[in-house]
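For reference, upload01.cif (mmCIF, C-alpha atoms):
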```
data_work
#
loop_
_atom_site.group_PDB
_atom_site.id
_atom_site.type_symbol
_atom_site.label_atom_id
_atom_site.label_comp_id
_atom_site.auth_asym_id
_atom_site.auth_seq_id
_atom_site.Cartn_x
_atom_site.Cartn_y
_atom_site.Cartn_z
ATOM 1 C CA MET A 1 10.221 24.270 4.958
ATOM 2 C CA GLN A 2 7.710 26.289 2.964
ATOM 3 C CA ILE A 3 3.963 25.542 2.770
ATOM 4 C CA GLU A 4 1.894 26.704 -0.204
ATOM 5 C CA LEU A 5 -1.766 26.204 -1.074
ATOM 6 C CA LYS A 6 -2.435 25.930 -4.802
ATOM 7 C CA THR A 7 -5.145 24.713 -7.118
ATOM 8 C CA TYR A 8 -4.053 22.287 -9.821
ATOM 9 C CA SER A 9 -4.319 25.009 -12.467
ATOM 10 C CA GLN A 10 -1.888 27.160 -10.457
ATOM 11 C CA LEU A 11 0.794 24.456 -10.484
ATOM 12 C CA THR A 12 3.700 24.866 -12.863
ATOM 13 C CA LYS A 13 4.620 22.046 -15.231
ATOM 14 C CA VAL A 14 7.620 21.241 -13.003
ATOM 15 C CA GLU A 15 5.360 21.110 -9.901
ATOM 16 C CA ARG A 16 2.905 18.804 -11.683
ATOM 17 C CA LEU A 17 5.737 16.440 -12.626
ATOM 18 C CA SER A 18 7.037 16.588 -9.062
ATOM 19 C CA LEU A 19 3.601 15.611 -7.734
ATOM 20 C CA GLU A 20 3.375 12.731 -10.210
ATOM 21 C CA ARG A 21 6.709 11.400 -8.905
ATOM 22 C CA LEU A 22 5.520 11.770 -5.320
ATOM 23 C CA TYR A 23 2.267 9.908 -6.028
ATOM 24 C CA ALA A 24 4.074 7.140 -7.912
ATOM 25 C CA GLU A 25 6.373 6.613 -4.928
ATOM 26 C CA ALA A 26 3.670 6.842 -2.258
ATOM 27 C CA PHE A 27 0.644 5.065 -3.730
ATOM 28 C CA PRO A 28 0.423 1.635 -5.352
ATOM 29 C CA PRO A 29 -1.574 1.393 -8.581
ATOM 30 C CA ASN A 30 -5.214 0.398 -8.088
ATOM 31 C CA GLU A 31 -8.484 0.090 -9.965
ATOM 32 C CA ILE A 32 -10.235 3.078 -8.345
ATOM 33 C CA THR A 33 -11.127 6.212 -10.310
ATOM 34 C CA TRP A 34 -10.308 9.166 -8.056
ATOM 35 C CA ALA A 35 -11.695 12.729 -7.967
ATOM 36 C CA HIS A 36 -9.637 15.654 -9.219
ATOM 37 C CA THR A 37 -8.127 17.701 -6.415
ATOM 38 C CA ASP A 38 -9.650 21.063 -5.508
ATOM 39 C CA LEU A 39 -6.592 22.303 -3.608
ATOM 40 C CA HIS A 40 -3.064 21.085 -2.828
ATOM 41 C CA VAL A 41 -1.257 21.845 0.412
ATOM 42 C CA LEU A 42 2.363 21.582 -0.722
ATOM 43 C CA VAL A 43 5.429 21.312 1.468
ATOM 44 C CA LEU A 44 8.547 22.495 -0.340
ATOM 45 C CA GLU A 45 12.204 22.136 0.568
ATOM 46 C CA ALA A 46 14.646 24.026 -1.630
ATOM 47 C CA GLY A 47 11.868 24.498 -4.195
ATOM 48 C CA GLU A 48 11.077 20.759 -4.407
ATOM 49 C CA ILE A 49 7.661 19.333 -3.445
ATOM 50 C CA VAL A 50 8.463 16.809 -0.724
ATOM 51 C CA SER A 51 5.031 16.396 0.872
ATOM 52 C CA ASN A 52 1.416 16.969 -0.149
ATOM 53 C CA VAL A 53 -2.132 16.932 1.222
ATOM 54 C CA GLU A 54 -5.164 17.335 -1.015
ATOM 55 C CA ILE A 55 -8.381 19.126 -0.064
ATOM 56 C CA PHE A 56 -11.777 18.494 -1.658
ATOM 57 C CA GLU A 57 -14.931 20.469 -0.887
ATOM 58 C CA ARG A 58 -18.022 18.321 -1.206
ATOM 59 C CA ARG A 59 -21.662 18.059 -0.202
ATOM 60 C CA ILE A 60 -22.392 14.445 0.641
ATOM 61 C CA THR A 61 -25.202 12.612 2.410
ATOM 62 C CA VAL A 62 -25.011 10.586 5.611
ATOM 63 C CA GLY A 63 -28.142 8.604 6.347
ATOM 64 C CA GLY A 64 -29.861 10.769 3.748
ATOM 65 C CA VAL A 65 -28.863 13.974 5.596
ATOM 66 C CA PRO A 66 -26.836 16.522 3.547
ATOM 67 C CA VAL A 67 -23.387 17.247 5.028
ATOM 68 C CA HIS A 68 -20.946 19.945 3.873
ATOM 69 C CA LEU A 69 -17.441 18.615 4.301
ATOM 70 C CA GLY A 70 -13.828 18.950 3.354
ATOM 71 C CA GLY A 71 -12.265 15.765 2.111
ATOM 72 C CA ILE A 72 -8.612 15.085 2.811
ATOM 73 C CA GLY A 73 -6.632 12.824 0.505
ATOM 74 C CA GLY A 74 -3.323 12.340 -1.237
ATOM 75 C CA VAL A 75 -1.372 12.589 2.014
ATOM 76 C CA ALA A 76 2.146 11.693 0.945
ATOM 77 C CA THR A 77 5.787 12.465 1.645
ATOM 78 C CA LEU A 78 8.798 11.403 -0.397
ATOM 79 C CA LYS A 79 10.512 8.466 1.323
ATOM 80 C CA SER A 80 13.762 10.371 1.763
ATOM 81 C CA TRP A 81 11.887 13.157 3.608
ATOM 82 C CA ARG A 82 9.711 11.070 5.954
ATOM 83 C CA ARG A 83 9.727 11.239 9.753
ATOM 84 C CA ARG A 84 10.407 14.995 9.796
ATOM 85 C CA GLY A 85 6.875 16.237 10.516
ATOM 86 C CA LEU A 86 6.227 17.444 6.953
ATOM 87 C CA ALA A 87 2.940 15.598 6.430
ATOM 88 C CA GLU A 88 1.876 16.726 9.899
ATOM 89 C CA ALA A 89 2.550 20.368 8.992
ATOM 90 C CA ALA A 90 0.609 19.991 5.731
ATOM 91 C CA LEU A 91 -2.270 18.220 7.493
ATOM 92 C CA GLN A 92 -2.492 20.951 10.120
ATOM 93 C CA ALA A 93 -2.557 23.597 7.380
ATOM 94 C CA ALA A 94 -5.303 21.618 5.607
ATOM 95 C CA GLN A 95 -7.335 21.300 8.811
ATOM 96 C CA ALA A 96 -7.034 25.061 9.383
ATOM 97 C CA TYR A 97 -8.283 25.627 5.809
ATOM 98 C CA LEU A 98 -11.304 23.392 6.518
ATOM 99 C CA ARG A 99 -12.179 25.673 9.438
ATOM 100 C CA GLU A 100 -11.558 28.916 7.574
ATOM 101 C CA PRO A 101 -12.199 29.777 4.761
ATOM 102 C CA LEU A 102 -14.196 26.618 3.889
ATOM 103 C CA ALA A 103 -16.207 26.588 7.145
ATOM 104 C CA VAL A 104 -17.291 22.977 6.609
ATOM 105 C CA GLU A 105 -19.130 20.818 9.123
ATOM 106 C CA PHE A 106 -16.614 17.957 9.035
ATOM 107 C CA GLY A 107 -13.444 16.728 7.447
ATOM 108 C CA LEU A 108 -13.491 13.210 5.982
ATOM 109 C CA LEU A 109 -10.640 10.968 4.935
ATOM 110 C CA ILE A 110 -10.181 7.385 3.875
ATOM 111 C CA CYS A 111 -6.936 5.768 4.983
ATOM 112 C CA GLY A 112 -5.151 2.472 5.366
ATOM 113 C CA GLU A 113 -5.667 0.626 8.648
ATOM 114 C CA PRO A 114 -2.078 1.331 9.829
ATOM 115 C CA MET A 115 -2.728 5.097 9.554
ATOM 116 C CA VAL A 116 -5.796 5.246 11.848
ATOM 117 C CA HIS A 117 -3.671 5.852 14.955
ATOM 118 C CA TYR A 118 -1.683 8.595 13.183
ATOM 119 C CA TYR A 119 -4.782 10.592 12.189
ATOM 120 C CA ALA A 120 -6.418 10.052 15.592
ATOM 121 C CA LYS A 121 -3.576 12.116 17.122
ATOM 122 C CA PHE A 122 -4.919 15.113 15.174
ATOM 123 C CA GLY A 123 -8.556 14.732 16.248
ATOM 124 C CA TRP A 124 -9.830 12.408 13.508
ATOM 125 C CA LYS A 125 -12.390 9.816 14.637
ATOM 126 C CA LEU A 126 -13.085 6.436 13.076
ATOM 127 C CA VAL A 127 -16.678 5.959 11.882
ATOM 128 C CA ALA A 128 -18.325 2.657 11.136
ATOM 129 C CA ASN A 129 -20.766 3.909 8.502
ATOM 130 C CA GLU A 130 -20.932 2.121 5.145
ATOM 131 C CA LEU A 131 -19.191 4.205 2.472
ATOM 132 C CA TRP A 132 -20.645 4.484 -1.029
ATOM 133 C CA ILE A 133 -18.670 6.016 -3.881
ATOM 134 C CA GLN A 134 -19.289 6.746 -7.544
ATOM 135 C CA GLN A 135 -17.235 4.876 -10.146
ATOM 136 C CA PRO A 136 -17.540 4.654 -13.944
ATOM 137 C CA GLN A 137 -19.720 1.526 -13.551
ATOM 138 C CA GLY A 138 -22.042 3.293 -11.072
ATOM 139 C CA ARG A 139 -22.494 3.607 -7.312
ATOM 140 C CA VAL A 140 -20.452 1.017 -5.385
ATOM 141 C CA LEU A 141 -19.782 0.123 -1.758
ATOM 142 C CA TYR A 142 -16.197 0.962 -0.794
ATOM 143 C CA HIS A 143 -14.928 -1.288 1.961
ATOM 144 C CA ASP A 144 -11.188 -1.314 1.318
ATOM 145 C CA ALA A 145 -10.176 1.200 3.996
ATOM 146 C CA PRO A 146 -11.330 2.869 7.220
ATOM 147 C CA THR A 147 -13.240 6.154 7.083
ATOM 148 C CA MET A 148 -12.417 8.912 9.571
ATOM 149 C CA VAL A 149 -14.067 12.256 10.289
ATOM 150 C CA LEU A 150 -12.864 15.436 11.918
ATOM 151 C CA PRO A 151 -15.478 17.587 13.674
ATOM 152 C CA VAL A 152 -15.016 21.120 12.345
ATOM 153 C CA GLY A 153 -18.302 23.053 12.513
ATOM 154 C CA ARG A 154 -20.401 20.290 14.116
ATOM 155 C CA SER A 155 -19.684 17.493 16.540
ATOM 156 C CA ASP A 156 -22.666 15.215 15.925
ATOM 157 C CA TRP A 157 -21.751 12.968 12.992
ATOM 158 C CA PRO A 158 -25.032 11.615 11.542
ATOM 159 C CA ALA A 159 -25.872 7.914 11.647
ATOM 160 C CA GLY A 160 -26.363 5.914 8.472
ATOM 161 C CA GLU A 161 -24.580 5.158 5.247
ATOM 162 C CA ILE A 162 -22.167 7.677 3.773
ATOM 163 C CA ASP A 163 -22.668 8.559 0.119
ATOM 164 C CA LEU A 164 -19.801 10.657 -1.242
ATOM 165 C CA CYS A 165 -22.100 11.718 -4.097
ATOM 166 C CA GLY A 166 -19.193 11.430 -6.492
ATOM 167 C CA LEU A 167 -15.731 9.980 -6.940
ATOM 168 C CA PRO A 168 -13.628 9.284 -3.834
ATOM 169 C CA TRP A 169 -10.510 11.234 -2.922
#
```
Would you mind writing the file's structure down as structure tokens?
Amino acid sequence: MQIELKTYSQLTKVERLSLERLYAEAFPPNEITWAHTDLHVLVLEAGEIVSNVEIFERRITVGGVPVHLGGIGGVATLKSWRRRGLAEAALQAAQAYLREPLAVEFGLLICGEPMVHYYAKFGWKLVANELWIQQPQGRVLYHDAPTMVLPVGRSDWPAGEIDLCGLPW
């Protein structure tokens, strides 16, 4: 297993196609417009991308208070490579990146209900704040999935609604 951190512009054409296949297998189509990834944490086996975690650096507001955070998204592993700890390795690399060099206050991810227990094992905590996202039609309330945070540089998550101040990840 090899782990690499790359921006989208650093990906080769073959790597971009590999990621597209991974996303198509892992995520059902939906109506949401998603943010472009700042950084990919790639897990490679024999040169093939078999798992991925995306990192987004963002300044958001929570209850009107500015928060510097690292968003985690696009956590996916090819079906034939699951249950081998690959996503875990990528997630741990991503969490380390949030600490240094990003030095953010928190990590934030949005996940499906069945994944809450999985992320909790790595220190992520469920928050009950309303989550607002930007979409082409404007600012909308996103209530399709749980929101979790990871204390990185602070432990006191602010109260109030979360505004991602942009597209979700």
Surrounding residues of A:Pro136 excluding itself and chain neighbours under 4 positions, 10 Å, all atoms listed in the file, as a compact mmCIF listing (two decimals) with C-alpha atoms, in the frame of the given file:
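The new file selection00.txt reads:
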```
# COMPACT_ATOMS: atom_id res chain seq x y z
CA ILE A 32 -10.24 3.08 -8.35
CA THR A 33 -11.13 6.21 -10.31
CA VAL A 140 -20.45 1.02 -5.38
CA LEU A 167 -15.73 9.98 -6.94
```
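Each of A:Val67, A:Ala76, A:Ala93, A:Val149 was compared to A:Gly107 using only C-alpha atoms, and A:Val149 turns out to be the nearest.
Residues lying within 6 Å of A:Trp169, counting all atoms listed in the file and ignoring same-chain neighbours fewer than 5 positions away, are Trp34, Ala35 and Gly73 of chain A.
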How big is the axis-aligned box around all listed atoms of stretch 122-130 of chain A once 6 Å goes on each side, and where's its centre, in Å to one decimal, as JSON?
```
{"center_x": -12.9, "center_y": 8.6, "center_z": 10.7, "size_x": 28.0, "size_y": 25.0, "size_z": 23.1}
```
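Residue neighbourhood of stretch 36-39 of chain A, excluding near-sequence residues (fewer than 6 positions): Leu5, Lys6, Thr7, Tyr8, Val53, Glu54, Ile55, Phe56, Glu57, Gly73, Gly74, Leu167 and Trp169 of chain A, at 9 Å, using all atoms listed in the file.
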Now that the selection is made, can you save its residues with C-alpha atoms as a compact mmCIF listing (two decimals), in the frame of the given file?
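Contents of result.txt, as written:
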```txt
# COMPACT_ATOMS: atom_id res chain seq x y z
CA LEU A 5 -1.77 26.20 -1.07
CA LYS A 6 -2.44 25.93 -4.80
CA THR A 7 -5.14 24.71 -7.12
CA TYR A 8 -4.05 22.29 -9.82
CA VAL A 53 -2.13 16.93 1.22
CA GLU A 54 -5.16 17.34 -1.01
CA ILE A 55 -8.38 19.13 -0.06
CA PHE A 56 -11.78 18.49 -1.66
CA GLU A 57 -14.93 20.47 -0.89
CA GLY A 73 -6.63 12.82 0.50
CA GLY A 74 -3.32 12.34 -1.24
CA LEU A 167 -15.73 9.98 -6.94
CA TRP A 169 -10.51 11.23 -2.92
```
In the coordinates of the file, take the point (-10.6, -4.3, 3.7) and a cut-off of 12 Å; then, counting all atoms listed in the file, name each qualifying protein, DNA or RNA residue as JSON, numbers by chain.
{"A": [110, 111, 112, 113, 114, 141, 142, 143, 144, 145, 146, 147]}
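Going from atom CA of A:Gln10 over to atom CA of A:Ile49, you cover 14.2 Å.
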Resolved residues for the PyMOL selection byres ((chain A and resi 66) around 12) as a PDB file with C-alpha atoms, in the coordinates of the input:
```pdb
ATOM      1  CA  ARG A  58     -18.022  18.321  -1.206  1.00  0.00           C
ATOM      2  CA  ARG A  59     -21.662  18.059  -0.202  1.00  0.00           C
ATOM      3  CA  ILE A  60     -22.392  14.445   0.641  1.00  0.00           C
ATOM      4  CA  THR A  61     -25.202  12.612   2.410  1.00  0.00           C
ATOM      5  CA  VAL A  62     -25.011  10.586   5.611  1.00  0.00           C
ATOM      6  CA  GLY A  63     -28.142   8.604   6.347  1.00  0.00           C
ATOM      7  CA  GLY A  64     -29.861  10.769   3.748  1.00  0.00           C
ATOM      8  CA  VAL A  65     -28.863  13.974   5.596  1.00  0.00           C
ATOM      9  CA  VAL A  67     -23.387  17.247   5.028  1.00  0.00           C
ATOM     10  CA  HIS A  68     -20.946  19.945   3.873  1.00  0.00           C
ATOM     11  CA  LEU A  69     -17.441  18.615   4.301  1.00  0.00           C
ATOM     12  CA  VAL A 104     -17.291  22.977   6.609  1.00  0.00           C
ATOM     13  CA  GLU A 105     -19.130  20.818   9.123  1.00  0.00           C
ATOM     14  CA  PHE A 106     -16.614  17.957   9.035  1.00  0.00           C
ATOM     15  CA  TRP A 157     -21.751  12.968  12.992  1.00  0.00           C
ATOM     16  CA  PRO A 158     -25.032  11.615  11.542  1.00  0.00           C
ATOM     17  CA  ALA A 159     -25.872   7.914  11.647  1.00  0.00           C
ATOM     18  CA  GLY A 160     -26.363   5.914   8.472  1.00  0.00           C
ATOM     19  CA  GLU A 161     -24.580   5.158   5.247  1.00  0.00           C
ATOM     20  CA  ILE A 162     -22.167   7.677   3.773  1.00  0.00           C
ATOM     21  CA  ASP A 163     -22.668   8.559   0.119  1.00  0.00           C
ATOM     22  CA  LEU A 164     -19.801  10.657  -1.242  1.00  0.00           C
ATOM     23  CA  CYS A 165     -22.100  11.718  -4.097  1.00  0.00           C
TER      24      CYS A 165
END
```
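The gap separating atom CA of A:Ala87 from atom CA of A:Val75 is 6.9 Å, in Å to one decimal.
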Using only C-alpha atoms, the residue out of A:Leu19, A:Leu98, A:Ala46, A:Met148 with shortest distance to A:Glu130 is A:Met148
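Taking atom CA of A:Phe27 and atom CA of A:Lys79 as the two end points, the separation is 11.6 Å.
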Practice item. Would you kindly return, as a PyMOL selection string, each protein, DNA or RNA residue with an atom no farther than 8 Å from any atom of A:Leu22, considering only C-alpha atoms and excluding same-chain residues fewer than 5 positions away? Key: chain A and resi 50-51+76-78
**Message:** Suppose a student applies the PyMOL selection byres ((chain A and resi 43) around 7) to this structure; what residues should they get, written as an MDAnalysis selection string?
**Reply:** chainID A and resid 1:4 41:42 44:45 49:52 86 90
Of A:Leu91, A:Leu17, A:Leu11, A:Val152, the one sitting nearest A:Tyr119 when using all atoms listed in the file is A:Leu91
**OP:** Tell me, as a PyMOL selection string, which residues lie within 8 Å of A:Gly123, counting all atoms listed in the file; anything in the same chain fewer than 2 positions away does not count.
**Re:** chain A and resi 119-121+125+150-151
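Each of A:Ser80, A:Thr12, A:Gln137, A:Asn30 was compared to A:Gly47 using all atoms listed in the file, and A:Thr12 turns out to be the nearest.
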